[in-house]
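Source file run-v3.csv; content: CSV, C-alpha atoms.
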```csv
chain,number,residue,atom,x,y,z
A,22,MET,CA,84.1,26.6,24.2
A,23,LEU,CA,84.1,30.0,25.9
A,24,ASN,CA,87.9,30.1,25.5
A,25,PRO,CA,88.3,29.0,21.9
A,26,ASN,CA,91.6,28.9,19.9
A,27,LEU,CA,90.9,32.1,18.0
A,28,ASP,CA,93.8,31.4,15.6
A,29,GLN,CA,91.6,28.8,14.0
A,30,ILE,CA,88.7,31.3,13.6
A,31,GLN,CA,88.7,33.5,10.5
A,32,LEU,CA,86.3,36.1,9.2
A,33,ASN,CA,85.6,36.5,5.5
A,34,LYS,CA,85.0,39.7,3.6
A,35,GLU,CA,81.2,39.4,4.0
A,36,GLU,CA,81.6,39.0,7.7
A,37,TYR,CA,83.9,42.0,8.0
A,38,GLU,CA,81.1,44.1,6.3
A,39,ARG,CA,78.3,42.5,8.2
A,40,TYR,CA,79.8,43.0,11.7
A,41,SER,CA,81.6,46.3,11.0
A,42,ARG,CA,79.8,48.1,13.9
A,43,HIS,CA,81.0,45.4,16.3
A,44,LEU,CA,84.5,45.4,14.9
A,45,ILE,CA,85.0,49.1,15.6
A,46,LEU,CA,84.0,48.7,19.2
A,47,PRO,CA,87.2,48.3,21.2
A,48,GLU,CA,85.3,46.1,23.7
A,49,VAL,CA,84.4,43.7,20.9
A,50,GLY,CA,86.8,44.1,18.0
A,51,LEU,CA,88.1,41.3,15.8
A,52,GLU,CA,88.8,39.0,18.8
A,53,GLY,CA,85.3,39.5,20.2
A,54,GLN,CA,83.7,38.8,16.9
A,55,LYS,CA,85.7,35.7,16.5
A,56,ARG,CA,84.5,34.6,19.9
A,57,LEU,CA,80.9,35.1,18.9
A,58,LYS,CA,81.5,33.1,15.7
A,59,ALA,CA,83.1,30.3,17.7
A,60,ALA,CA,80.4,30.2,20.3
A,61,SER,CA,77.4,27.9,20.5
A,62,VAL,CA,74.1,28.8,22.2
A,63,LEU,CA,71.1,26.6,22.9
A,64,CYS,CA,67.7,28.3,23.3
A,65,ILE,CA,65.0,26.4,25.1
A,66,GLY,CA,61.7,27.6,23.6
A,67,THR,CA,60.8,29.9,20.6
A,68,GLY,CA,58.0,31.7,22.3
A,69,GLY,CA,57.8,35.3,23.7
A,70,LEU,CA,61.3,35.2,25.1
A,71,GLY,CA,63.0,33.0,22.5
A,72,SER,CA,61.7,35.1,19.6
A,73,PRO,CA,63.6,38.3,20.3
A,74,LEU,CA,66.7,36.7,21.8
A,75,LEU,CA,67.1,34.4,18.8
A,76,LEU,CA,66.8,37.3,16.4
A,77,TYR,CA,69.5,39.3,18.1
A,78,LEU,CA,71.9,36.3,18.7
A,79,ALA,CA,71.7,35.6,15.0
A,80,ALA,CA,72.3,39.2,14.1
A,81,ALA,CA,75.3,39.4,16.5
A,82,GLY,CA,77.0,36.5,14.6
A,83,ILE,CA,76.7,33.6,17.0
A,84,GLY,CA,78.2,30.7,15.0
A,85,ARG,CA,75.9,27.9,16.2
A,86,ILE,CA,72.4,28.3,17.5
A,87,GLY,CA,70.4,25.4,18.8
A,88,ILE,CA,66.6,25.5,19.3
A,89,VAL,CA,64.5,23.1,21.4
A,90,ASP,CA,60.7,23.3,20.9
A,91,PHE,CA,57.9,21.0,19.9
A,92,ASP,CA,55.0,23.5,19.5
A,93,ILE,CA,53.4,24.8,16.4
A,94,VAL,CA,52.7,28.5,15.6
A,95,ASP,CA,49.2,29.7,16.7
A,96,SER,CA,47.6,32.9,15.7
A,97,SER,CA,47.5,34.0,19.3
A,98,ASN,CA,51.3,33.8,19.4
A,99,LEU,CA,51.8,36.6,16.9
A,100,GLN,CA,51.0,39.3,19.4
A,101,ARG,CA,54.4,38.8,21.1
A,102,GLN,CA,56.4,36.0,19.4
A,103,VAL,CA,57.9,38.2,16.7
A,104,ILE,CA,60.1,35.6,15.1
A,105,HIS,CA,57.0,34.0,13.6
A,106,GLY,CA,54.7,35.3,10.9
A,107,THR,CA,51.1,34.8,9.7
A,108,SER,CA,52.2,32.4,6.9
A,109,TRP,CA,53.7,30.1,9.5
A,110,VAL,CA,50.5,29.5,11.5
A,111,GLY,CA,50.0,25.8,12.0
A,112,LYS,CA,53.6,24.9,11.2
A,113,PRO,CA,56.4,24.0,13.6
A,114,LYS,CA,57.9,26.9,15.5
A,115,ILE,CA,61.4,25.7,15.1
A,116,GLU,CA,61.1,25.7,11.4
A,117,SER,CA,59.6,29.2,11.4
A,118,ALA,CA,62.4,30.4,13.7
A,119,LYS,CA,65.1,28.8,11.5
A,120,ASN,CA,63.7,30.4,8.4
A,121,ARG,CA,63.7,33.9,10.0
A,122,ILE,CA,67.2,33.4,11.5
A,123,LEU,CA,68.7,32.5,8.2
A,124,GLU,CA,67.0,35.6,6.6
A,125,ILE,CA,68.8,37.7,9.2
A,126,ASN,CA,72.1,35.9,9.0
A,127,PRO,CA,72.6,33.0,6.6
A,128,LEU,CA,76.1,32.5,8.1
A,129,CYS,CA,74.6,30.9,11.3
A,130,GLN,CA,74.5,27.2,11.8
A,131,VAL,CA,71.0,26.4,13.1
A,132,ASP,CA,70.3,23.1,14.9
A,133,LEU,CA,66.7,22.1,15.4
A,134,TYR,CA,65.4,19.7,18.1
A,135,ASN,CA,61.7,19.2,17.6
A,136,THR,CA,61.1,17.6,21.0
A,137,ARG,CA,60.0,18.3,24.5
A,138,LEU,CA,62.9,18.8,26.8
A,139,SER,CA,62.9,15.9,29.4
A,140,SER,CA,65.1,14.3,32.0
A,141,GLU,CA,65.9,11.6,29.5
A,142,ASN,CA,67.3,14.0,26.8
A,143,ALA,CA,68.3,17.2,28.5
A,144,LEU,CA,72.0,16.3,29.2
A,145,LYS,CA,72.5,15.1,25.7
A,146,LEU,CA,70.9,18.2,24.2
A,147,LEU,CA,72.6,20.8,26.4
A,148,GLU,CA,76.1,19.2,26.5
A,149,PRO,CA,77.4,20.5,23.1
A,150,TYR,CA,76.6,24.1,23.7
A,151,ASP,CA,78.5,26.9,25.6
A,152,VAL,CA,75.6,28.9,26.9
A,153,ILE,CA,72.0,27.8,27.6
A,154,VAL,CA,69.2,30.4,27.4
A,155,ASP,CA,65.9,29.5,29.2
A,156,GLY,CA,62.9,30.9,27.3
A,157,THR,CA,60.4,28.5,28.9
A,158,ASP,CA,57.2,29.4,30.8
A,159,ASN,CA,56.7,26.6,33.3
A,160,PHE,CA,58.3,25.5,36.5
A,161,PRO,CA,59.1,21.9,35.8
A,162,THR,CA,61.2,22.8,32.7
A,163,ARG,CA,62.9,25.7,34.5
A,164,TYR,CA,64.0,23.3,37.3
A,165,LEU,CA,65.1,20.8,34.6
A,166,VAL,CA,67.1,23.4,32.7
A,167,ASN,CA,68.7,24.6,35.9
A,168,ASP,CA,69.7,21.2,37.2
A,169,ALA,CA,71.1,20.1,33.8
A,170,CYS,CA,73.2,23.3,33.6
A,171,VAL,CA,74.5,22.6,37.1
A,172,LEU,CA,75.5,19.0,36.2
A,173,LEU,CA,77.1,20.2,33.0
A,174,ASN,CA,78.6,23.4,34.4
A,175,LYS,CA,76.9,25.6,31.8
A,176,PRO,CA,75.8,29.2,32.3
A,177,ASN,CA,72.0,29.5,32.4
A,178,VAL,CA,70.6,32.8,31.1
A,179,TYR,CA,67.1,33.1,32.7
A,180,GLY,CA,64.1,35.3,32.0
A,181,SER,CA,60.4,35.2,32.8
A,182,ILE,CA,57.4,37.3,32.1
A,183,PHE,CA,53.8,37.7,33.4
A,184,ARG,CA,51.2,40.4,32.6
A,185,PHE,CA,53.2,43.6,32.8
A,186,GLU,CA,56.3,42.4,34.7
A,187,GLY,CA,59.4,40.5,33.9
A,188,GLN,CA,62.7,39.4,35.5
A,189,ALA,CA,66.1,38.3,34.3
A,190,THR,CA,69.3,37.0,35.7
A,191,VAL,CA,72.2,34.6,34.9
A,192,PHE,CA,72.4,31.4,36.9
A,193,ASN,CA,75.3,29.0,37.5
A,194,TYR,CA,78.0,31.3,36.2
A,195,GLU,CA,81.4,31.6,37.8
A,196,GLY,CA,80.3,30.3,41.1
A,197,GLY,CA,77.2,32.3,41.2
A,198,PRO,CA,73.7,31.2,42.4
A,199,ASN,CA,71.4,28.9,40.5
A,200,TYR,CA,67.6,28.8,40.1
A,201,ARG,CA,67.2,26.8,43.3
A,202,ASP,CA,68.8,29.6,45.3
A,203,LEU,CA,65.9,31.9,44.0
A,204,TYR,CA,63.2,29.3,44.3
A,205,PRO,CA,64.2,26.4,46.6
A,206,GLU,CA,60.7,24.9,46.2
A,207,PRO,CA,58.2,25.2,43.4
A,208,PRO,CA,54.9,27.1,44.2
A,209,PRO,CA,51.8,24.9,44.5
A,210,PRO,CA,50.4,24.0,41.1
A,211,GLY,CA,47.9,26.7,39.9
A,212,MET,CA,49.1,29.4,42.2
A,213,VAL,CA,51.0,31.2,39.5
A,214,PRO,CA,48.8,31.6,36.4
A,215,SER,CA,50.2,31.1,33.0
A,216,CYS,CA,50.3,33.8,30.4
A,217,ALA,CA,47.4,32.0,28.7
A,218,GLU,CA,45.4,32.5,31.9
A,219,GLY,CA,46.6,35.9,33.1
A,220,GLY,CA,47.7,37.5,29.8
A,221,VAL,CA,50.9,39.4,28.9
A,222,LEU,CA,51.7,42.7,27.4
A,223,GLY,CA,53.1,41.8,23.9
A,224,ILE,CA,56.0,44.2,24.1
A,225,LEU,CA,57.2,42.8,27.5
A,226,PRO,CA,58.9,39.6,26.3
A,227,GLY,CA,60.8,41.7,23.7
A,228,LEU,CA,62.6,43.7,26.4
A,229,ILE,CA,63.3,40.7,28.6
A,230,GLY,CA,64.4,38.5,25.7
A,231,VAL,CA,66.8,41.3,24.5
A,232,ILE,CA,68.2,41.4,28.0
A,233,GLN,CA,68.8,37.7,27.9
A,234,ALA,CA,70.5,38.1,24.5
A,235,THR,CA,72.7,40.9,25.9
A,236,GLU,CA,73.8,38.7,28.8
A,237,THR,CA,74.6,35.8,26.5
A,238,VAL,CA,76.8,38.0,24.3
A,239,LYS,CA,78.6,39.5,27.4
A,240,ILE,CA,79.3,36.0,28.7
A,241,ILE,CA,80.8,34.9,25.3
A,242,LEU,CA,82.8,38.1,25.0
A,243,GLY,CA,83.9,38.0,28.6
A,244,ARG,CA,83.1,41.7,28.9
A,245,GLY,CA,81.1,43.8,31.4
A,246,GLN,CA,79.3,42.7,34.6
A,247,THR,CA,76.7,40.0,34.1
A,248,LEU,CA,73.5,39.7,36.1
A,249,SER,CA,74.9,36.7,38.0
A,250,GLY,CA,74.1,37.3,41.6
A,251,ARG,CA,71.5,40.0,40.7
A,252,LEU,CA,67.8,39.5,39.8
A,253,LEU,CA,66.6,42.3,37.6
A,254,LEU,CA,62.9,43.1,38.1
A,255,TYR,CA,61.1,45.2,35.4
A,256,ASN,CA,57.6,46.8,35.6
A,257,SER,CA,56.5,48.0,32.2
A,258,LEU,CA,53.5,50.0,33.6
A,259,ASP,CA,55.8,52.1,35.9
A,260,MET,CA,58.8,51.8,33.6
A,261,THR,CA,60.9,50.9,36.6
A,262,PHE,CA,63.9,48.5,37.1
A,263,ARG,CA,64.8,47.1,40.4
A,264,GLU,CA,67.6,44.7,41.5
A,265,LEU,CA,67.6,42.0,44.2
A,266,LYS,CA,70.8,40.5,45.4
A,267,LEU,CA,71.1,36.7,44.9
A,268,ARG,CA,73.6,34.5,46.8
A,269,PRO,CA,74.2,30.8,46.7
A,270,ASN,CA,72.6,29.0,49.5
A,271,PRO,CA,75.3,27.2,51.5
A,272,VAL,CA,72.9,24.5,52.6
A,273,ARG,CA,71.1,23.9,49.4
A,274,PRO,CA,70.8,20.2,48.4
A,275,VAL,CA,73.5,18.9,46.0
A,276,ILE,CA,72.1,18.2,42.5
A,277,GLU,CA,73.4,14.7,41.7
A,278,LYS,CA,71.0,13.7,38.9
A,279,LEU,CA,67.9,14.8,36.9
A,280,ILE,CA,64.6,13.8,38.5
A,281,ASP,CA,60.9,13.7,37.6
A,282,TYR,CA,60.2,17.4,37.5
A,283,GLU,CA,56.5,17.1,36.9
A,284,GLN,CA,56.4,15.1,40.1
A,285,PHE,CA,58.7,17.5,41.9
A,286,CYS,CA,56.4,20.4,41.1
A,287,GLY,CA,53.3,18.5,42.1
A,288,ILE,CA,51.7,18.4,38.7
A,289,PRO,CA,50.4,14.8,38.6
A,290,GLN,CA,49.1,15.1,42.2
A,291,ALA,CA,47.3,18.3,41.3
A,292,LYS,CA,45.8,16.8,38.1
A,293,ALA,CA,44.6,13.8,40.0
A,294,GLU,CA,43.0,16.0,42.7
A,295,GLU,CA,41.4,18.2,40.1
A,296,ALA,CA,40.1,15.1,38.2
A,297,LYS,CA,38.7,13.8,41.4
A,298,LYS,CA,36.9,17.0,42.2
A,299,GLN,CA,35.6,17.3,38.6
A,300,MET,CA,34.2,13.8,38.8
A,301,GLU,CA,32.1,14.9,41.7
A,302,ILE,CA,30.7,17.8,39.7
A,303,PRO,CA,28.2,16.9,36.9
A,304,GLU,CA,28.9,18.2,33.4
A,305,MET,CA,27.0,19.1,30.3
A,306,THR,CA,28.3,19.6,26.8
A,307,VAL,CA,27.9,22.8,24.9
A,308,GLN,CA,25.5,21.1,22.6
A,309,GLU,CA,23.3,20.2,25.5
A,310,LEU,CA,23.5,23.8,26.7
A,311,LYS,CA,22.5,25.0,23.3
A,312,GLN,CA,19.5,22.7,23.3
A,313,LEU,CA,18.5,24.0,26.7
A,314,LEU,CA,18.8,27.7,25.6
A,315,ASP,CA,16.9,27.0,22.4
A,316,SER,CA,14.1,25.3,24.3
A,317,GLY,CA,13.2,28.5,26.1
A,318,ALA,CA,13.4,26.8,29.5
A,319,ASP,CA,13.6,29.3,32.4
A,320,ASP,CA,14.3,27.0,35.3
A,321,PHE,CA,18.1,27.6,35.3
A,322,VAL,CA,20.7,30.3,35.7
A,323,LEU,CA,23.8,30.3,33.6
A,324,VAL,CA,26.8,31.9,35.4
A,325,ASP,CA,30.0,33.0,33.7
A,326,VAL,CA,32.9,32.9,36.2
A,327,ARG,CA,35.5,34.5,34.0
A,328,ASN,CA,37.0,38.0,34.5
A,329,PRO,CA,35.0,41.1,33.4
A,330,ASN,CA,37.5,41.8,30.5
A,331,GLU,CA,37.0,38.3,29.2
A,332,TYR,CA,33.3,38.7,29.3
A,333,GLU,CA,33.6,41.8,27.1
A,334,ILE,CA,35.5,39.8,24.5
A,335,ALA,CA,33.0,37.0,24.2
A,336,LYS,CA,29.9,35.7,26.0
A,337,ILE,CA,27.2,33.1,25.8
A,338,PRO,CA,23.7,34.6,25.5
A,339,GLY,CA,21.9,34.9,28.8
A,340,ALA,CA,25.0,34.3,31.0
A,341,VAL,CA,25.4,36.3,34.2
A,342,LEU,CA,28.9,37.4,35.1
A,343,ILE,CA,30.1,36.5,38.6
A,344,PRO,CA,33.9,36.3,38.5
A,345,LEU,CA,35.7,33.4,40.3
A,346,PRO,CA,37.6,35.8,42.6
A,347,ASP,CA,34.3,37.1,43.9
A,348,ILE,CA,33.1,33.5,44.6
A,349,GLU,CA,36.4,32.8,46.3
A,350,ARG,CA,36.0,35.8,48.6
A,351,GLY,CA,32.4,34.8,49.4
A,352,VAL,CA,30.6,37.8,48.0
A,353,GLY,CA,30.0,35.9,44.8
A,354,VAL,CA,28.4,33.0,46.7
A,355,GLU,CA,25.8,35.3,48.1
A,356,LYS,CA,25.1,36.7,44.6
A,357,VAL,CA,24.6,33.1,43.3
A,358,LYS,CA,22.2,32.4,46.1
A,359,GLU,CA,20.2,35.5,45.2
A,360,LEU,CA,20.1,34.6,41.5
A,361,LEU,CA,19.0,31.0,41.9
A,362,ASN,CA,15.8,31.4,43.9
A,363,GLY,CA,15.0,27.7,43.3
A,364,HIS,CA,16.5,27.5,39.8
A,365,ARG,CA,19.2,25.1,38.6
A,366,LEU,CA,22.8,26.4,38.4
A,367,ILE,CA,24.9,26.0,35.3
A,368,ALA,CA,28.4,27.5,35.2
A,369,HIS,CA,31.0,28.1,32.6
A,370,CYS,CA,34.4,29.8,32.1
A,371,LYS,CA,36.9,29.8,29.2
A,372,MET,CA,37.7,26.1,29.1
A,373,GLY,CA,36.0,24.5,32.2
A,374,GLY,CA,38.7,24.6,34.9
A,375,ARG,CA,37.7,27.8,36.7
A,376,SER,CA,34.0,27.0,36.6
A,377,ALA,CA,34.7,23.6,38.1
A,378,LYS,CA,36.7,25.3,40.9
A,379,ALA,CA,33.8,27.8,41.4
A,380,LEU,CA,31.3,24.9,41.6
A,381,GLY,CA,33.5,23.2,44.1
A,382,ILE,CA,33.4,26.2,46.4
A,383,LEU,CA,29.7,26.6,45.9
A,384,LYS,CA,29.1,23.0,46.7
A,385,GLN,CA,30.8,23.5,50.1
A,386,ALA,CA,28.2,26.3,50.6
A,387,GLY,CA,25.4,23.9,49.9
A,388,ILE,CA,24.8,25.0,46.2
A,389,GLU,CA,24.9,22.2,43.6
A,390,GLY,CA,25.6,23.0,40.0
A,391,ILE,CA,26.5,21.7,36.5
A,392,ASN,CA,29.7,22.6,34.7
A,393,VAL,CA,29.8,23.3,31.0
A,394,LYS,CA,32.5,21.1,29.5
A,395,GLY,CA,35.1,23.0,27.5
A,396,GLY,CA,33.6,26.4,28.4
A,397,ILE,CA,33.1,29.2,25.9
A,398,THR,CA,36.1,27.9,23.9
A,399,ALA,CA,34.1,24.7,23.1
A,400,TRP,CA,31.0,26.9,22.5
A,401,SER,CA,32.9,28.9,19.8
A,402,GLN,CA,34.4,25.8,18.2
A,403,GLU,CA,31.3,23.6,18.2
A,404,VAL,CA,28.2,25.8,18.5
A,405,ASP,CA,28.7,29.4,17.4
A,406,SER,CA,31.8,30.2,15.4
A,407,SER,CA,31.0,33.9,15.5
A,408,VAL,CA,32.0,34.0,19.2
A,409,PRO,CA,35.7,35.1,19.2
A,410,LEU,CA,38.3,32.7,20.4
A,411,TYR,CA,41.0,34.2,22.6
```
Written form, structure tokens:
Amino acid sequence: MLNPNLDQIQLNKEEYERYSRHLILPEVGLEGQKRLKAASVLCIGTGGLGSPLLLYLAAAGIGRIGIVDFDIVDSSNLQRQVIHGTSWVGKPKIESAKNRILEINPLCQVDLYNTRLSSENALKLLEPYDVIVDGTDNFPTRYLVNDACVLLNKPNVYGSIFRFEGQATVFNYEGGPNYRDLYPEPPPPGMVPSCAEGGVLGILPGLIGVIQATETVKIILGRGQTLSGRLLLYNSLDMTFRELKLRPNPVRPVIEKLIDYEQFCGIPQAKAEEAKKQMEIPEMTVQELKQLLDSGADDFVLVDVRNPNEYEIAKIPGAVLIPLPDIERGVGVEKVKELLNGHRLIAHCKMGGRSAKALGILKQAGIEGINVKGGITAWSQEVDSSVPLY
């Protein structure tokens, strides 16, 4: 309802006071504030991006806000997901978000959908809302949100973050490009690390999320120039903004229906391949590793394939650091050969995935090894709780 009947929308005395700084802006005014009150916005995700944009959409006076998320608040979220607080750890994110939104603005209607967005429910969930804001962090859901917006003719306000960099744009708005014009095909699984693997500066999603909130408000107001057709790139270390032009691809495939996006992004195939590889690599539990370390045996070498900064956070006693990137480049393979000198090889990482990959590379070089199941995370949870979880 981007062109509502404003005669049916009224502000009460409390709203005139609350939104006074908007009302005195000629570009917003009473008509614009009525548009915001009449508008409905659906936010997919209440993580790093969803947190700031939900706060500002609520404060701006969006009349109806929907939230889709199925996760719970974890202590590691609090470094960047500012809508949540310590008292909400272990509880549903959508409940935490609603509680904070209503503290900021009790005049908002907040709809909660405690579910994973899927091809089965996406059209039904998105259809009642005027603007969709994508705060997700994975490729299958981004393609799903995009295709559902195309089918429903909804603007898709997009943002993404990684380490120190972010990007934002508006898809599927007034004939502009959509996500498939930027990424016609998804990258191979595992090529782009998640924030859990690569890290993210906690402040970064605040800025990108606020940009998304700004674009959403502009679309509702019908004011200014949106980011449609422009991809905004931000580097927080350099404090630089760049723009890339985006245009609709005249030969892109027509989106006719929602598909299996996990399959489209190669997730099941990658998991099956990874499982096959891991089956070929023997494993040991962290309890078995503890027994081996306690026995005083000296016929093995324990190699930690995480990054140096992770090694500084937490380590298993006696582990030698040889990062996976070094093994992938070959120099680490030589280091492992020098260390072994007839000893057994045992490898670990944070949760077992990277060490399995390292052992696969080493196996091709003729070096057999054993993977520590669950990595240092399992070690902390099951053997030594003094080792920090991260």
### Task
Pick out the residues sitting within 9 Å of Ile397 (chain A), and hand them over as a ChimeraX atom specification; count only C-alpha atoms, and ignore anything fewer than 5 positions along from it in its own chain.
/A:307,335-337,369-373,402,408,410
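Nearest residue to Asp281 (chain A), choosing from A:Thr107, A:Gln312, A:Ser140, A:Ser96 and counting only C-alpha atoms: A:Ser140.
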#### Entry: Non-local contacts of region 383-391 of chain A (6 Å; all atoms listed in the file; under 2 positions in same chain excluded) as a PyMOL selection string
chain A and resi 303-304+366-367+380-381
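Residue nearest Ile65 (chain A), chosen from A:Leu267, A:Ile229, A:Ala340, A:Ile153 and counting all atoms listed in the file: A:Ile153.
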Please provide as a compact mmCIF listing (two decimals) with C-alpha atoms, in the coordinates of the input all residues within 8 Å of region 190-207 of chain A, with the sequence filter that same-chain residues fewer than 4 positions apart are discarded (counting all atoms listed in the file).
```txt
# COMPACT_ATOMS: atom_id res chain seq x y z
CA PHE A 160 58.30 25.50 36.50
CA ARG A 163 62.90 25.70 34.50
CA TYR A 164 64.00 23.30 37.30
CA ASN A 167 68.70 24.60 35.90
CA CYS A 170 73.20 23.30 33.60
CA VAL A 171 74.50 22.60 37.10
CA ASN A 174 78.60 23.40 34.40
CA LYS A 175 76.90 25.60 31.80
CA PRO A 176 75.80 29.20 32.30
CA ASN A 177 72.00 29.50 32.40
CA VAL A 178 70.60 32.80 31.10
CA TYR A 179 67.10 33.10 32.70
CA GLY A 180 64.10 35.30 32.00
CA GLN A 233 68.80 37.70 27.90
CA GLU A 236 73.80 38.70 28.80
CA THR A 247 76.70 40.00 34.10
CA LEU A 248 73.50 39.70 36.10
CA SER A 249 74.90 36.70 38.00
CA GLY A 250 74.10 37.30 41.60
CA ARG A 251 71.50 40.00 40.70
CA LEU A 252 67.80 39.50 39.80
CA LEU A 253 66.60 42.30 37.60
CA LEU A 267 71.10 36.70 44.90
CA ARG A 268 73.60 34.50 46.80
CA PRO A 269 74.20 30.80 46.70
CA ASN A 270 72.60 29.00 49.50
CA ARG A 273 71.10 23.90 49.40
CA PHE A 285 58.70 17.50 41.90
CA CYS A 286 56.40 20.40 41.10
```
#### Entry: Neighbours of point (67.5, 16.0, 41.1) within 10 Å, using all atoms listed in the file, written as a PyMOL selection string
chain A and resi 140+164-165+168-169+172+274-282+285
### Query
So which residues are close to (53.7, 40.1, 32.3), meaning at most 6 Å away in the file's coordinates with only C-alpha atoms counted, and can you show them as a PyMOL selection string?
chain A and resi 182-187+221-222
### Best match for closeness to Val238 (chain A) among A:Leu51, A:Gln29, A:Val352, A:Val152, counting all atoms listed in the file
A:Val152
### Who sits within 9 Å of Ile224 (chain A), all atoms listed in the file, same chain under 5 positions skipped, as a ChimeraX atom specification
/A:100-101,257
### Task
Could you tell me how far CA of Gln188 (chain A) lies from CA of Leu78 (chain A), in Å and to one decimal?
19.4 Å
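One finds CA of Asn159 (chain A) at 9.4 Å from CA of Ser181 (chain A).
The space between CA of Asp151 (chain A) and CA of Lys58 (chain A) spans 12.1 Å.
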#### Entry: Among the residues A:Asp319, A:Glu403, A:Glu283, A:Asp259, the one that comes closest to Thr306 (chain A) [using all atoms listed in the file]
A:Glu403
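Of the residues under consideration (A:Ser407, A:Ser139, A:Ser61, A:Asn392), A:Asn392 shows the shortest atom-to-atom contact distance to Val322 (chain A) when counting all atoms listed in the file.
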